[in-house]
Amino acid sequence: MEHKILRAPLASFTDLLLDAVCMVDVDGRFVFVSAACERIFGYTQQEMVGLPMIDLVAPADRARTLAAARAIMDGHAQTHFENRYLRKDGRLVHIMWSARWSAADQLRVAVARDVSALKQAQAKQAALYAISEAVHAAQALPDLLHAIQQIIGEHLPVGTLTLVLQDEHGRPVRLSSRADAGVAPPPTPLASLLCDEVLHSGNPLHLPAERMAHLPAALQAAAGPRAPSCLGVPLQASHGCIGALALQCTQDGAACTAQDQDLLQFIAKQLATAIERQQLQQQMHFMAMHDELTRLPNRRLFHDRLQTAFARALRQQGRLSLLFLDLDNFKLVNDQHGHACGDLLLQAVAGKIKDCLRESDTLARLGGDEFVILVEHHTLDSDVACIERKIHLALAAPVHLGDGRQLPVAVSVGVAHYPEHGETMQQLLRHADRAMYDAKSSRTAG
């Protein structure tokens, strides 16, 4: 007796499969699809039958899909062909096909597997590696943003990418990148406002949104009825939201999807981690090279700059000068008013001295109440004497402290010129130090 399973209709078995079974005639129309097609493509079986297969394929993949179809009809079976289809809801789905031609039935018979989750995981892994390489290769934040724009462009329909970061004072720093721009373009008003809203809320935002009425009026006006699709996501670091990343799609009608948002959030997380690590490294390097109290270069950074300046002066037969400064009677300030007051005085004095210098001059704190100034690119000793007079004049009046008090202050200055006062750095440093103590002795004696 023939087993009843053998008499069951073929469709009853194909409808049990998780992968979709499709049959396409010589005209390229679906003549049969299994039940799994509705889960994968979003269309019912009745809606798909009779539709041209190529109409459901993503436009960018149609040419090679038609080429593969012709190869199959010529007898070349396909086992791992991949393309993208547009679901009924507009989302892209990645499909892996196995297909061959049935000459007897004049049909292409294919099995379709949804590999979107796999492609998403691969995209995340590829983005992770690419971002890691970009972080190490980029010399500055705009370079890093442009590299991230290129990485995202491999997976999403990005037109412009905008990054807003909060600096150490909480002020927004805005950067933008576009694939077709030779230089970084300014952020568009829409992307900039979108980043501000994401930064304020800490939540992702997709425009156009169903809840436009709840958004700020400026953002609604910038979005308008015909604005390109935009997606903004927060940059979440270990200590909270440090910025926002906004993707503005190209103007060809492409829309951001839920999968796009998931991928962009993943990239934003990696970018936030990379930026946080970069900022931490910069902070640690700054702390190693600067005085914590005055934020001036410390002894180590000063000696590095002096060594470079000295080598340049030797090579170019140029000149340089050093000014050693020491506050008079600073110990009395600490004894009479406390060390907190002494710290405020040092900060105020450092600011006043810095205002007397050029951008090219280096002011450093060697420790305690000792400062040193490196002056390059001058031709006359009188230029350095002018700087010294400016400093004495700036400190002639009592110094106002941040707590409302004001204290009188005087400074002793010693000057050394290269090459007159020494042909080595050590000789120059000793001469400036000795000249400073001679000036202090003279002021004390006076």
# chains A, B, ... in the order shown; residues from 1 in each chain; ligands from 1
$ select_by_dssp --residues "stretch 256-341 of chain A" --states "strand (DSSP E or B)" --output "number ranges by chain"
A: 290, 297, 320-327
$ write_last_selection --atoms "N, CA, C and O atoms" --output "PDB file, in the first residue's frame"
ATOM      1  N   HIS A 290      52.114  69.251  32.074  1.00  0.00           N
ATOM      2  CA  HIS A 290      51.666  70.574  32.531  1.00  0.00           C
ATOM      3  C   HIS A 290      51.525  70.604  34.045  1.00  0.00           C
ATOM      4  O   HIS A 290      51.270  69.578  34.692  1.00  0.00           O
ATOM      5  N   PRO A 297      52.996  74.783  31.006  1.00  0.00           N
ATOM      6  CA  PRO A 297      53.989  73.716  30.830  1.00  0.00           C
ATOM      7  C   PRO A 297      54.816  73.533  32.097  1.00  0.00           C
ATOM      8  O   PRO A 297      55.171  74.507  32.774  1.00  0.00           O
ATOM      9  N   LEU A 320      68.161  83.152  21.212  1.00  0.00           N
ATOM     10  CA  LEU A 320      67.046  82.897  22.122  1.00  0.00           C
ATOM     11  C   LEU A 320      67.401  83.453  23.484  1.00  0.00           C
ATOM     12  O   LEU A 320      68.586  83.682  23.783  1.00  0.00           O
ATOM     13  N   SER A 321      66.376  83.648  24.296  1.00  0.00           N
ATOM     14  CA  SER A 321      66.591  84.233  25.625  1.00  0.00           C
ATOM     15  C   SER A 321      65.737  83.513  26.654  1.00  0.00           C
ATOM     16  O   SER A 321      64.674  82.958  26.332  1.00  0.00           O
ATOM     17  N   LEU A 322      66.219  83.537  27.887  1.00  0.00           N
ATOM     18  CA  LEU A 322      65.484  82.970  29.015  1.00  0.00           C
ATOM     19  C   LEU A 322      65.257  84.059  30.050  1.00  0.00           C
ATOM     20  O   LEU A 322      66.138  84.879  30.311  1.00  0.00           O
ATOM     21  N   LEU A 323      64.085  84.061  30.640  1.00  0.00           N
ATOM     22  CA  LEU A 323      63.772  84.937  31.775  1.00  0.00           C
ATOM     23  C   LEU A 323      63.335  84.058  32.931  1.00  0.00           C
ATOM     24  O   LEU A 323      62.335  83.333  32.841  1.00  0.00           O
ATOM     25  N   PHE A 324      64.118  84.077  34.022  1.00  0.00           N
ATOM     26  CA  PHE A 324      63.748  83.361  35.235  1.00  0.00           C
ATOM     27  C   PHE A 324      63.022  84.334  36.157  1.00  0.00           C
ATOM     28  O   PHE A 324      63.490  85.451  36.379  1.00  0.00           O
ATOM     29  N   LEU A 325      61.870  83.916  36.695  1.00  0.00           N
ATOM     30  CA  LEU A 325      61.052  84.777  37.549  1.00  0.00           C
ATOM     31  C   LEU A 325      60.794  84.089  38.879  1.00  0.00           C
ATOM     32  O   LEU A 325      60.543  82.874  38.931  1.00  0.00           O
ATOM     33  N   ASP A 326      60.860  84.869  39.932  1.00  0.00           N
ATOM     34  CA  ASP A 326      60.579  84.349  41.270  1.00  0.00           C
ATOM     35  C   ASP A 326      59.809  85.419  42.042  1.00  0.00           C
ATOM     36  O   ASP A 326      60.213  86.589  42.060  1.00  0.00           O
ATOM     37  N   LEU A 327      58.695  85.028  42.671  1.00  0.00           N
ATOM     38  CA  LEU A 327      57.902  85.997  43.434  1.00  0.00           C
ATOM     39  C   LEU A 327      58.628  86.347  44.730  1.00  0.00           C
ATOM     40  O   LEU A 327      59.148  85.468  45.427  1.00  0.00           O
TER      41      LEU A 327
END
$ residues_around --residues "stretch 424-434 of chain A" --least-positions-apart "3" --cutoff "8 Å" --atoms "only C-alpha atoms" --output "ChimeraX atom specification"
/A:306-307,310,322-324,414-418,421,437-438
$ residues_around --residues "stretch 105-107 of chain A" --least-positions-apart "2" --cutoff "6 Å" --atoms "only C-alpha atoms" --output "PyMOL selection string"
chain A and resi 24-25+102-103
$ write_last_selection --atoms "all heavy atoms" --output "PDB file, in the first residue's frame"
ATOM      1  N   VAL A  24       9.861  30.698 -10.591  1.00  0.00           N
ATOM      2  CA  VAL A  24       9.747  31.861 -11.466  1.00  0.00           C
ATOM      3  C   VAL A  24       9.744  31.377 -12.912  1.00  0.00           C
ATOM      4  O   VAL A  24      10.578  30.546 -13.303  1.00  0.00           O
ATOM      5  CB  VAL A  24      10.918  32.839 -11.232  1.00  0.00           C
ATOM      6  CG1 VAL A  24      10.793  34.052 -12.150  1.00  0.00           C
ATOM      7  CG2 VAL A  24      10.958  33.277  -9.771  1.00  0.00           C
ATOM      8  N   ASP A  25       8.813  31.896 -13.717  1.00  0.00           N
ATOM      9  CA  ASP A  25       8.714  31.423 -15.098  1.00  0.00           C
ATOM     10  C   ASP A  25       9.702  32.170 -15.996  1.00  0.00           C
ATOM     11  O   ASP A  25      10.484  33.011 -15.543  1.00  0.00           O
ATOM     12  CB  ASP A  25       7.270  31.560 -15.615  1.00  0.00           C
ATOM     13  CG  ASP A  25       6.789  33.008 -15.644  1.00  0.00           C
ATOM     14  OD1 ASP A  25       7.632  33.929 -15.594  1.00  0.00           O
ATOM     15  OD2 ASP A  25       5.559  33.235 -15.718  1.00  0.00           O
ATOM     16  N   SER A 102      14.701  24.252 -14.270  1.00  0.00           N
ATOM     17  CA  SER A 102      13.995  23.027 -14.648  1.00  0.00           C
ATOM     18  C   SER A 102      13.569  23.170 -16.100  1.00  0.00           C
ATOM     19  O   SER A 102      12.589  23.877 -16.402  1.00  0.00           O
ATOM     20  CB  SER A 102      12.778  22.813 -13.737  1.00  0.00           C
ATOM     21  OG  SER A 102      12.006  21.712 -14.205  1.00  0.00           O
ATOM     22  N   ALA A 103      14.309  22.521 -16.994  1.00  0.00           N
ATOM     23  CA  ALA A 103      14.008  22.645 -18.420  1.00  0.00           C
ATOM     24  C   ALA A 103      12.648  22.053 -18.754  1.00  0.00           C
ATOM     25  O   ALA A 103      11.915  22.579 -19.601  1.00  0.00           O
ATOM     26  CB  ALA A 103      15.109  21.966 -19.242  1.00  0.00           C
TER      27      ALA A 103
END
$ closest_residue --among "A:Ala396, A:Ala36, A:Leu271, A:Ala221" --to "A:Ala127" --atoms "only C-alpha atoms"
A:Leu271
$ closest_residue --among "A:Cys230, A:Ile54, A:Val375, A:Ala77" --to "A:Asp260" --atoms "only C-alpha atoms"
A:Cys230
$ closest_residue --among "A:Cys249, A:Ala435, A:Leu86, A:Leu264" --to "A:Arg62" --atoms "only C-alpha atoms"
A:Leu86
$ residues_around --residues "A:His80" --least-positions-apart "3" --cutoff "8 Å" --atoms "only C-alpha atoms" --output "ChimeraX atom specification"
/A:96-98
$ atom_distance --atom1 "atom CA of A:Leu301" --atom2 "atom CA of A:Gln317"
23.5 Å
$ atom_distance --atom1 "atom CA of A:Gln316" --atom2 "atom CA of A:Arg299"
25.3 Å
$ select_by_dssp --residues "stretch 176-369 of chain A" --states "alpha helix (DSSP H)" --output "JSON, numbers by chain"
{"A": [189, 190, 191, 192, 193, 194, 195, 196, 197, 198, 199, 200, 201, 217, 218, 219, 220, 221, 222, 223, 258, 259, 260, 261, 262, 263, 264, 265, 266, 267, 268, 269, 270, 271, 272, 273, 274, 275, 276, 277, 278, 279, 280, 281, 282, 283, 284, 285, 286, 287, 288, 289, 299, 300, 301, 302, 303, 304, 305, 306, 307, 308, 309, 310, 311, 312, 313, 314, 315, 316, 330, 331, 332, 333, 334, 335, 336, 337, 339, 340, 341, 342, 343, 344, 345, 346, 347, 348, 349, 350, 351, 352, 353, 354]}
$ residues_around --residues "A:Gly368" --least-positions-apart "6" --cutoff "10 Å" --atoms "only C-alpha atoms" --output "PyMOL selection string"
chain A and resi 326-327+330-331+342-343+346
$ closest_residue --among "A:Arg64, A:Leu393, A:Ala20, A:Gly153" --to "A:Arg113" --atoms "only C-alpha atoms"
A:Ala20
$ atom_distance --atom1 "atom CA of A:Thr79" --atom2 "atom CA of A:Thr257"
28.8 Å
$ residues_around --residues "A:Gly75" --least-positions-apart "2" --cutoff "8 Å" --atoms "only C-alpha atoms" --output "ChimeraX atom specification"
/A:71-73,77,100-101
